[in-house]
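File shown: model-v8.cif. Contents: mmCIF, C-alpha atoms.
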data_entry
#
loop_
_atom_site.label_atom_id
_atom_site.label_comp_id
_atom_site.auth_asym_id
_atom_site.auth_seq_id
_atom_site.Cartn_x
_atom_site.Cartn_y
_atom_site.Cartn_z
CA MET H 250 114.60 141.06 102.72
CA ASN H 251 115.06 141.00 106.50
CA PRO H 252 115.90 137.71 108.19
CA VAL H 253 112.93 135.91 109.72
CA VAL H 254 112.95 132.92 112.05
CA ALA H 255 109.59 131.15 111.72
CA GLN H 256 108.07 129.78 114.92
CA GLY H 257 108.61 126.03 115.17
CA SER H 258 110.91 126.03 112.16
CA GLY H 259 114.65 125.93 111.59
CA ALA H 260 114.42 128.39 108.72
CA SER H 261 117.18 130.99 108.86
CA ARG H 262 115.28 133.47 106.70
CA ALA H 263 112.00 133.74 104.89
CA ARG H 264 111.94 132.49 101.31
CA ARG H 265 109.69 133.60 98.47
CA VAL H 266 107.66 130.72 97.06
CA LEU H 267 105.36 130.61 94.03
CA ILE H 268 102.72 127.88 93.74
CA LEU H 269 100.96 127.27 90.41
CA ALA H 270 97.73 125.28 90.64
CA GLN H 271 94.29 124.85 89.14
CA LEU H 272 91.85 125.32 92.01
CA ASP H 273 88.76 123.36 91.01
CA GLY H 274 87.02 123.09 94.39
CA PHE H 275 87.78 119.37 94.55
CA ALA H 276 91.03 117.39 95.01
CA ASN H 277 93.10 119.72 92.79
CA SER H 278 92.58 122.49 95.34
CA VAL H 279 93.48 120.56 98.48
CA LYS H 280 97.24 120.06 98.24
CA PRO H 281 98.26 123.52 96.94
CA LEU H 282 96.23 125.18 99.68
CA ALA H 283 97.83 122.89 102.26
CA ILE H 284 101.31 123.76 100.95
CA GLU H 285 100.47 127.46 101.05
CA ARG H 286 99.32 127.23 104.69
CA PHE H 287 102.28 125.05 105.73
CA LEU H 288 104.87 127.45 104.32
CA ARG H 289 103.18 130.63 105.54
CA GLU H 290 102.99 129.24 109.07
CA ARG H 291 106.77 128.88 108.89
CA GLY H 292 107.29 132.50 107.95
CA HIS H 293 107.73 132.19 104.19
CA ASP H 294 106.33 134.63 101.63
CA VAL H 295 104.00 132.48 99.53
CA HIS H 296 102.12 133.43 96.36
CA LEU H 297 99.46 131.03 95.05
CA VAL H 298 98.40 131.56 91.42
CA ASP H 299 95.19 129.87 90.24
CA THR H 300 95.54 129.10 86.52
CA ASN H 301 92.19 127.33 86.20
CA CYS H 302 90.85 129.95 83.78
CA LEU H 303 94.06 131.25 82.26
CA ALA H 304 92.40 131.77 78.88
CA ARG H 305 89.16 133.22 80.23
CA ALA H 306 88.08 136.70 81.27
CA SER H 307 86.83 135.45 84.65
CA SER H 308 87.20 132.40 86.85
CA LYS H 309 83.90 133.07 88.66
CA ALA H 310 81.46 130.19 88.27
CA GLY H 311 78.36 131.06 86.28
CA SER H 312 79.69 134.41 85.05
CA LEU H 313 79.73 135.49 81.39
CA GLY H 314 83.49 136.00 81.71
CA ARG H 315 84.04 132.22 81.88
CA LYS H 316 82.81 132.02 78.28
CA LEU H 317 84.88 134.92 76.92
CA PRO H 318 88.60 135.15 76.11
CA GLY H 319 90.67 136.82 78.78
CA SER H 320 92.91 138.76 76.41
CA LEU H 321 93.34 139.71 72.78
CA ARG H 322 97.04 138.89 72.88
CA PRO H 323 97.85 136.13 70.37
CA ALA H 324 98.99 133.45 72.84
CA ARG H 325 95.98 133.94 75.13
CA LEU H 326 93.59 133.94 72.17
CA THR H 327 95.19 130.75 70.84
CA LEU H 328 94.83 129.09 74.26
CA TYR H 329 91.18 130.15 74.33
CA ALA H 330 90.63 128.67 70.86
CA ASN H 331 92.35 125.45 71.93
CA ASP H 332 90.12 125.29 75.00
CA VAL H 333 87.01 125.71 72.84
CA ALA H 334 88.27 123.05 70.43
CA SER H 335 88.77 120.68 73.36
CA LYS H 336 85.19 121.15 74.56
CA VAL H 337 83.71 120.78 71.07
CA LEU H 338 85.87 117.97 69.69
CA THR H 339 87.02 115.83 72.60
CA ARG H 340 84.38 115.87 75.33
CA ARG H 341 81.40 114.01 73.84
CA TRP H 342 82.49 113.03 70.32
CA LEU H 343 84.03 109.62 70.92
CA PHE H 344 86.22 109.64 67.80
CA GLY H 345 87.54 113.10 68.68
CA ARG H 346 88.09 112.10 72.29
CA ARG H 347 90.24 109.13 71.28
CA HIS H 348 92.11 110.65 68.30
CA LEU H 349 92.34 114.42 68.89
CA SER H 350 92.94 114.79 72.65
CA TYR H 351 96.69 114.20 72.16
CA TYR H 352 97.05 117.33 70.04
CA VAL H 353 94.79 119.47 72.22
CA LEU H 354 96.57 118.50 75.45
CA LEU H 355 100.10 119.13 74.18
CA ALA H 356 99.04 122.43 72.59
CA ASP H 357 97.55 123.47 75.93
CA HIS H 358 100.76 122.52 77.75
CA HIS H 359 103.05 124.44 75.36
CA LEU H 360 100.82 127.53 75.20
CA ARG H 361 100.58 127.72 78.98
CA ARG H 362 104.36 127.46 79.23
CA HIS H 363 104.74 130.48 76.96
CA ILE H 364 102.03 132.55 78.66
CA LEU H 365 103.15 131.84 82.22
CA ALA H 366 106.83 132.40 81.46
CA ASP H 367 105.94 135.79 79.96
CA ARG H 368 103.52 136.72 82.74
CA LEU H 369 105.43 135.61 85.85
CA GLU H 370 108.74 136.94 87.15
CA LEU H 371 110.10 133.55 88.19
CA ASP H 372 113.48 134.99 89.18
CA ASP H 373 111.75 136.91 92.00
CA TYR H 374 111.21 133.62 93.84
CA ASP H 375 113.43 131.18 95.67
CA LEU H 376 111.21 128.21 94.84
CA VAL H 377 108.54 127.63 92.17
CA ILE H 378 106.14 124.70 92.73
CA CYS H 379 103.77 123.46 90.06
CA GLU H 380 100.80 121.24 90.96
CA THR H 381 99.43 120.42 87.51
CA PRO H 382 100.85 118.90 84.30
CA TYR H 383 99.12 121.56 82.21
CA ASP H 384 101.31 124.32 83.67
CA ALA H 385 104.47 122.34 84.43
CA GLY H 386 106.15 123.40 81.20
CA VAL H 387 106.99 126.74 82.81
CA LEU H 388 109.44 124.87 85.05
CA THR H 389 111.63 124.24 81.99
CA THR H 390 112.16 127.94 81.33
CA SER H 391 115.38 129.67 82.32
CA THR H 392 115.20 130.90 85.92
CA SER H 393 117.38 131.32 88.99
CA ALA H 394 114.57 129.88 91.16
CA GLU H 395 114.66 126.32 92.40
CA THR H 396 111.81 124.32 90.88
CA LEU H 397 109.60 121.43 92.00
CA TYR H 398 107.03 119.58 89.91
CA ASP H 399 104.54 118.00 92.30
CA CYS H 400 102.99 115.69 89.71
CA PRO H 401 99.47 114.40 90.51
CA ASN H 402 100.12 111.10 88.69
CA PRO H 403 101.75 109.87 85.47
CA TRP H 404 99.88 111.96 82.90
CA ALA H 405 100.21 109.94 79.69
CA ASP H 406 98.89 106.77 81.29
CA GLU H 407 96.03 108.60 83.01
CA VAL H 408 94.92 110.11 79.70
CA PHE H 409 95.28 106.76 77.92
CA TYR H 410 93.15 104.92 80.47
CA GLU H 411 90.55 107.67 80.13
CA SER H 412 90.23 106.60 76.46
CA ARG H 413 91.79 109.81 75.16
CA LEU H 414 94.74 108.40 73.20
CA THR H 415 95.36 105.84 70.52
CA ASP H 416 98.02 103.21 71.23
CA ARG H 417 100.53 105.04 69.02
CA GLN H 418 99.79 108.39 70.63
CA HIS H 419 100.15 106.83 74.05
CA ARG H 420 103.65 105.59 73.24
CA ARG H 421 104.66 109.03 71.96
CA PHE H 422 103.06 110.84 74.89
CA ARG H 423 104.70 108.54 77.45
CA SER H 424 108.11 108.94 75.77
CA TRP H 425 107.73 112.72 75.89
CA GLU H 426 106.61 112.65 79.53
CA ARG H 427 109.47 110.35 80.53
CA ARG H 428 112.01 112.90 79.28
CA PHE H 429 110.06 115.73 80.89
CA LEU H 430 109.97 114.06 84.32
CA GLU H 431 113.63 113.10 84.13
CA ASP H 432 114.59 116.72 83.38
CA MET H 433 112.78 118.18 86.40
CA GLU H 434 115.02 119.66 89.09
CA HIS H 435 112.86 118.21 91.88
CA LEU H 436 109.99 115.77 91.32
CA SER H 437 107.23 114.55 93.58
CA PHE H 438 103.94 112.70 93.09
CA SER H 439 100.66 112.97 94.95
CA TRP H 440 101.40 109.60 96.55
CA GLU H 441 104.55 107.50 96.78
CA SER H 442 103.09 104.53 94.87
CA TYR H 443 102.84 106.74 91.76
CA GLY H 444 106.58 107.35 92.02
CA ARG H 445 107.17 103.59 92.09
CA TYR H 446 104.85 103.22 89.11
CA ALA H 447 106.75 105.87 87.11
CA ARG H 448 110.08 104.21 87.82
CA GLU H 449 108.80 100.74 86.86
CA HIS H 450 106.63 101.57 83.84
CA TYR H 451 108.19 104.80 82.52
CA GLY H 452 111.78 103.91 83.30
CA ILE H 453 112.66 107.19 85.02
CA SER H 454 115.63 107.07 87.38
CA GLY H 455 114.07 108.74 90.42
CA ARG H 456 117.32 110.66 91.05
CA ASN H 457 115.34 113.91 91.41
CA PHE H 458 112.61 112.61 93.76
CA LEU H 459 111.56 114.85 96.64
CA GLN H 460 108.46 112.95 97.68
CA LEU H 461 105.61 114.95 99.24
CA ASN H 462 102.86 112.49 100.11
CA TRP H 463 99.28 113.67 100.29
CA GLY H 464 98.33 114.59 103.84
CA CYS H 465 95.35 115.63 105.92
CA THR H 466 94.31 117.57 109.00
CA PRO H 467 92.86 115.13 111.54
CA SER H 468 89.43 116.30 112.63
CA ALA H 469 88.93 117.30 116.26
CA GLU H 470 85.52 115.61 116.11
CA ARG H 471 85.53 111.99 114.91
CA SER H 472 82.78 109.90 113.45
CA ARG H 473 80.74 107.75 115.85
CA PHE H 474 79.22 104.31 115.44
CA ALA H 475 75.59 104.02 114.32
CA ASP H 476 73.33 101.14 113.37
CA PRO H 477 72.73 100.64 110.51
CA PRO H 478 76.15 101.90 109.39
CA ARG H 479 75.94 104.63 106.76
CA VAL H 480 78.42 104.90 103.89
CA VAL H 481 79.52 108.15 102.23
CA TYR H 482 81.12 108.89 98.87
CA LEU H 483 82.58 112.42 98.71
CA GLY H 484 84.40 113.72 95.64
CA SER H 485 84.43 114.34 91.92
CA LEU H 486 82.09 112.31 89.70
CA SER H 487 83.50 113.47 86.38
CA SER H 488 86.22 110.99 85.35
CA GLN H 489 86.02 107.48 83.99
CA PHE H 490 88.52 106.12 86.51
CA ILE H 491 86.08 106.82 89.36
CA ASP H 492 83.76 104.15 87.89
CA VAL H 493 80.42 105.76 88.68
CA PRO H 494 78.55 102.69 87.32
CA LEU H 495 80.27 100.61 90.04
CA LEU H 496 79.14 103.18 92.60
CA ALA H 497 75.58 102.74 91.33
CA ARG H 498 75.75 98.94 91.55
CA LEU H 499 77.07 99.11 95.11
CA SER H 500 74.21 101.44 96.01
CA ARG H 501 71.78 98.79 94.86
CA ARG H 502 73.49 96.19 97.05
CA TYR H 503 73.59 98.39 100.16
CA PRO H 504 70.87 101.05 100.53
CA TYR H 505 72.62 103.35 103.04
CA ILE H 506 75.08 105.05 100.65
CA ASP H 507 74.98 108.84 100.22
CA VAL H 508 76.88 110.52 97.38
CA TYR H 509 78.28 114.09 97.48
CA GLY H 510 80.26 115.91 94.81
CA GLY H 511 79.88 116.93 91.22
CA PRO H 512 78.95 117.20 88.50
CA PRO H 513 75.48 115.80 89.26
CA PRO H 514 75.26 112.17 88.06
CA ASP H 515 72.74 110.80 85.59
CA PRO H 516 69.48 110.30 87.57
CA ALA H 517 69.06 106.95 85.78
CA LEU H 518 71.94 105.60 87.89
CA GLY H 519 69.72 105.75 90.95
CA LEU H 520 72.36 107.22 93.28
CA ASN H 521 71.27 108.88 96.50
CA TYR H 522 72.91 112.10 95.37
CA ARG H 523 73.06 114.83 98.02
CA GLY H 524 74.83 117.61 96.09
CA TYR H 525 78.04 119.35 97.17
CA ALA H 526 79.22 119.28 100.80
CA SER H 527 82.32 120.14 102.81
CA PRO H 528 84.33 117.36 104.47
CA ASP H 529 82.62 118.20 107.79
CA VAL H 530 79.68 116.11 106.60
CA LEU H 531 81.83 112.98 107.04
CA ARG H 532 81.27 113.02 110.80
CA GLN H 533 77.71 111.81 110.16
CA TYR H 534 78.88 108.53 108.58
CA GLN H 535 80.53 105.26 109.59
CA PHE H 536 82.38 104.34 106.37
CA GLY H 537 84.05 106.24 103.54
CA LEU H 538 83.79 104.71 100.06
CA ILE H 539 86.27 104.62 97.20
CA THR H 540 85.49 103.28 93.74
CA CYS H 541 87.95 103.04 90.86
CA THR H 542 88.58 101.18 87.63
CA ARG H 543 90.80 98.11 87.39
CA ASP H 544 93.44 99.51 85.02
CA LEU H 545 97.07 99.23 86.11
CA LEU H 546 97.47 102.91 86.99
CA ARG H 547 94.50 102.87 89.37
CA ARG H 548 95.50 99.52 90.85
CA GLU H 549 98.81 101.11 91.82
CA GLY H 550 97.27 104.49 92.57
CA PHE H 551 95.70 106.63 95.24
CA SER H 552 92.51 108.62 95.90
CA ALA H 553 92.69 111.98 97.65
CA LYS H 554 89.34 111.34 99.34
CA HIS H 555 90.98 108.43 101.19
CA LEU H 556 92.75 110.92 103.47
CA HIS H 557 89.56 112.94 104.04
CA TYR H 558 87.89 109.80 105.32
CA LEU H 559 90.79 108.78 107.56
CA ALA H 560 90.94 112.28 109.04
CA HIS H 561 87.44 111.74 110.48
CA GLY H 562 88.17 108.25 111.78
CA LEU H 563 86.19 106.54 109.04
CA PRO H 564 87.14 103.01 108.01
CA VAL H 565 87.64 103.26 104.25
CA LEU H 566 86.01 100.73 101.89
CA VAL H 567 88.46 100.20 99.00
CA PRO H 568 88.27 97.87 95.96
CA GLU H 569 90.39 94.82 96.64
CA TRP H 570 92.25 95.35 93.36
CA ARG H 571 93.90 98.51 94.71
CA ARG H 572 97.40 97.76 95.93
CA HIS H 573 99.66 99.22 98.64
CA LEU H 574 96.89 99.41 101.25
CA ASP H 575 99.57 98.65 103.83
CA LEU H 576 100.43 102.35 103.54
CA LEU H 577 96.88 103.31 104.58
CA ARG H 578 95.81 101.46 107.70
CA GLY H 579 92.11 101.61 108.38
CA SER H 580 91.37 100.46 104.81
CA VAL H 581 88.85 97.63 104.30
CA PRO H 582 89.02 95.79 100.93
CA TYR H 583 85.83 94.75 99.15
CA THR H 584 84.61 93.24 95.90
CA GLU H 585 81.33 94.11 94.27
CA GLU H 586 79.91 90.77 95.42
CA SER H 587 81.23 90.97 99.00
CA PHE H 588 80.44 94.65 99.62
CA ALA H 589 77.32 94.28 101.76
CA SER H 590 78.80 91.46 103.84
CA VAL H 591 82.03 93.45 104.42
CA VAL H 592 79.98 96.34 105.83
CA ASP H 593 77.83 93.97 107.90
CA GLY H 594 81.01 92.35 109.23
CA LEU H 595 81.86 95.65 110.92
CA GLY H 596 78.32 96.17 112.16
CA ASP H 597 79.40 95.46 115.73
CA GLU H 598 80.50 98.63 117.56
CA ASP H 599 83.64 97.11 119.09
CA ARG H 600 84.89 95.75 115.74
CA TRP H 601 84.05 99.01 114.00
CA LEU H 602 85.82 101.06 116.67
CA ARG H 603 89.05 99.05 116.32
CA VAL H 604 89.22 99.84 112.60
CA SER H 605 88.15 103.45 113.20
CA ASP H 606 91.02 103.87 115.67
CA GLU H 607 93.45 102.49 113.07
CA ALA H 608 92.10 104.95 110.50
CA TYR H 609 92.44 107.94 112.81
CA GLU H 610 95.94 106.97 113.92
CA GLN H 611 96.93 106.68 110.25
CA ALA H 612 95.55 110.17 109.67
CA ARG H 613 97.72 111.50 112.50
CA LEU H 614 100.78 109.96 110.87
CA LEU H 615 99.83 111.63 107.58
CA ASP H 616 99.20 115.09 109.01
CA TRP H 617 100.25 117.75 106.49
CA ASN H 618 102.81 118.99 109.01
CA ARG H 619 104.57 115.63 108.60
CA THR H 620 104.12 114.91 104.90
CA LEU H 621 105.31 118.38 103.81
CA GLN H 622 108.47 118.45 105.94
CA PRO H 623 110.73 117.79 102.90
CA LEU H 624 109.69 121.24 101.62
CA GLU H 625 110.91 122.90 104.79
CA ARG H 626 114.24 121.10 104.56
CA LEU H 627 114.58 122.07 100.89
CA LEU H 628 114.08 125.75 101.69
CA ASP H 629 116.40 125.63 104.70
CA GLU H 630 119.18 124.10 102.60
CA ARG H 631 118.77 126.36 99.58
CA PRO H 632 121.88 128.44 98.87
CA ARG H 633 121.47 132.16 99.31
CA ALA H 634 122.33 132.78 95.68
CA ARG H 635 121.97 130.62 92.60
CA ALA H 636 123.23 131.02 89.09
CA ARG H 637 120.55 131.55 86.47
CA ARG H 638 119.80 128.26 84.67
#
Whole structure given in structure tokens:
Amino acid sequence: MNPVVAQGSGASRARRVLILAQLDGFANSVKPLAIERFLRERGHDVHLVDTNCLARASSKAGSLGRKLPGSLRPARLTLYANDVASKVLTRRWLFGRRHLSYYVLLADHHLRRHILADRLELDDYDLVICETPYDAGVLTTSTSAETLYDCPNPWADEVFYESRLTDRQHRRFRSWERRFLEDMEHLSFSWESYGRYAREHYGISGRNFLQLNWGCTPSAERSRFADPPRVVYLGSLSSQFIDVPLLARLSRRYPYIDVYGGPPPDPALGLNYRGYASPDVLRQYQFGLITCTRDLLRREGFSAKHLHYLAHGLPVLVPEWRRHLDLLRGSVPYTEESFASVVDGLGDEDRWLRVSDEAYEQARLLDWNRTLQPLERLLDERPRARARR
């Protein structure tokens, strides 16, 4: 491969990078696409593999192929059967959700490891990045490539707080994940507070941390003040931790809340649901809204939509039980009872603009070109040849 010096980069030559991700059209798509763009702009040869429908004949929404197995090879057929079992046994059957998810999730993880290791020539790359716990097992296979697990958040605890594990299964799952995280060559989380959480509650050492915080691209056109202020919720509506019932109760307290995302919520909730929209819609609003449950993981956690809001200069309404808001200036804490008065308190244009300026300045500090710089340094420092692990 011929030497390449990327514009604006200290890279001495182009590296080959593989990114494994599940592109779902929501938050799971944002960071891998940002990493792909960041590295390509610096002259690297980047391959992004979407594993969202690894067991299916097609990843196209609404197509028959999404319902059919993608291969007759034993491992792919077994993954397909496991996927079907997950939908039948753990989605709506409460007993199955609580008692069987453990087995389905670990089977999925191990099968994907086998399939991806067989399918991908990992040694052809200088760096392999994985963005999802489902596929991260492939990083434990023997390869000469450097590897990075960019973990969304501690998996065992997320699954437990989604009511998908018994107490005993949770202990076993967390013990397994602790060893897995400790064995990674390089480890990051979607946000630095998750790394602190994993060190405190999992007991990992953090010796392999290469933290890549979530970032954003500040919008050239910011939100403007309007009276009455309008509030927007933009994102997935599918997980328990989002607390859609709380979103519904807030909508009853303050009538100017619009909701975008998917899947469509239960009409009985009474949300002003506006369907799917791109982040450009945020320019029409004065506040971004985050809702989340009160469990320990979400108290210490992070919401990807937070950065979307900041990027448009939106003050972000965040439950007061979420910690580490000092890392995200432009955040405005609320309780369910104080919500309407918190919004009214910023109903004056000058007060609103001060918080909006804080939000936009925070977005500039969290530009992807800043938050992903550790990747550039990692590739610059990588030896030209590595022994096969």
Exercise for review: Using the chain letters and residue numbers of this document, give as a ChimeraX atom specification the residues selected by the PyMOL selection byres ((chain H and resi 569) around 7).
Suggested key: /H:567-568,570-571,582-584
Can you write out the residues you just picked, keeping C-alpha atoms, as a CSV table (one decimal), in the coordinates of the input?
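part.csv, freshly written:
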chain,number,residue,atom,x,y,z
H,567,VAL,CA,88.5,100.2,99.0
H,568,PRO,CA,88.3,97.9,96.0
H,570,TRP,CA,92.2,95.4,93.4
H,571,ARG,CA,93.9,98.5,94.7
H,582,PRO,CA,89.0,95.8,100.9
H,583,TYR,CA,85.8,94.8,99.2
H,584,THR,CA,84.6,93.2,95.9
Exercise for review: Could you expand the PyMOL selection byres ((chain H and resi 359) around 12) into the explicit residues it covers here, written as a ChimeraX atom specification?
Suggested key: /H:324-325,327-328,331,352-358,360-366,382-390
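Atom to atom, atom CA of H:Ala394 and atom CA of H:Leu369 stand 12.0 Å apart.
Remark: for H:Leu338, the closest of the candidate residues H:Ser437, H:Leu627, H:Tyr351, H:Lys554 is H:Tyr351 (distances computed over only C-alpha atoms).
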Check your understanding: Which residues come within 9 Å of stretch 468-485 of chain H, counting all atoms listed in the file, excluding same-chain residues fewer than 4 positions away, as an MDAnalysis selection string?
Key -> chainID H and resid 275:276 491 496 503:512 525:529 531:540 553:554 557:558 560:563 566 592:593 595:598 601:602 605 609
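Counting from atom CA of H:Arg456, the distance to atom CA of H:Val377 is 19.1 Å.
When all atoms listed in the file are used to compute distances to H:Tyr443, the closest of the residues H:Pro401, H:Pro467, H:Gly524, H:Pro623 turns out to be H:Pro401.
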Exercise for review: Find the residue from H:Glu441, H:Glu549, H:Glu585, H:Glu285 that sits nearest to H:Arg572; use all atoms listed in the file when measuring.
Suggested key: H:Glu549
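Among the candidates H:Leu376, H:Val279, H:Ala497, H:Leu321, the one nearest to H:Glu625 when counting all atoms listed in the file is H:Leu376.
Here atom CA of H:Asp372 is placed at a distance of 5.4 Å from atom CA of H:Ser393.
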Exactly which residues make up the result of the PyMOL selection byres ((chain H and resi 542) around 8) on this file, given as a compact mmCIF listing (two decimals) with C-alpha atoms, in the coordinates of the input?
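As a result, part27.txt now contains:
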# COMPACT_ATOMS: atom_id res chain seq x y z
CA GLN H 489 86.02 107.48 83.99
CA PHE H 490 88.52 106.12 86.51
CA ILE H 491 86.08 106.82 89.36
CA ASP H 492 83.76 104.15 87.89
CA THR H 540 85.49 103.28 93.74
CA CYS H 541 87.95 103.04 90.86
CA ARG H 543 90.80 98.11 87.39
CA ASP H 544 93.44 99.51 85.02
CA ARG H 547 94.50 102.87 89.37
CA ARG H 548 95.50 99.52 90.85
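For H:Arg578, the set of protein, DNA and RNA residues having any atom at most 9 Å away, when counting all atoms listed in the file and skipping those fewer than 6 positions along the same chain, is Leu559, Pro564, Val604, Glu607, Ala608, Tyr609, Glu610, Gln611 and Ala612 of chain H.
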Selection to disk with C-alpha atoms, as a PDB file, in the frame of the given file:
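Saved file selection22.pdb follows:
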ATOM      1  CA  LEU H 559      90.790 108.780 107.560  1.00  0.00           C
ATOM      2  CA  PRO H 564      87.140 103.010 108.010  1.00  0.00           C
ATOM      3  CA  VAL H 604      89.220  99.840 112.600  1.00  0.00           C
ATOM      4  CA  GLU H 607      93.450 102.490 113.070  1.00  0.00           C
ATOM      5  CA  ALA H 608      92.100 104.950 110.500  1.00  0.00           C
ATOM      6  CA  TYR H 609      92.440 107.940 112.810  1.00  0.00           C
ATOM      7  CA  GLU H 610      95.940 106.970 113.920  1.00  0.00           C
ATOM      8  CA  GLN H 611      96.930 106.680 110.250  1.00  0.00           C
ATOM      9  CA  ALA H 612      95.550 110.170 109.670  1.00  0.00           C
TER      10      ALA H 612
END
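Closest approach to H:Leu297 among H:Val337, H:Leu267, H:Leu621, H:Ile378 is made by H:Leu267 (distances from only C-alpha atoms).
Each of H:Gly550, H:Thr381, H:Ile268, H:Asp432 was checked against H:His296 using only C-alpha atoms; the smallest atom-to-atom distance is that of H:Ile268.
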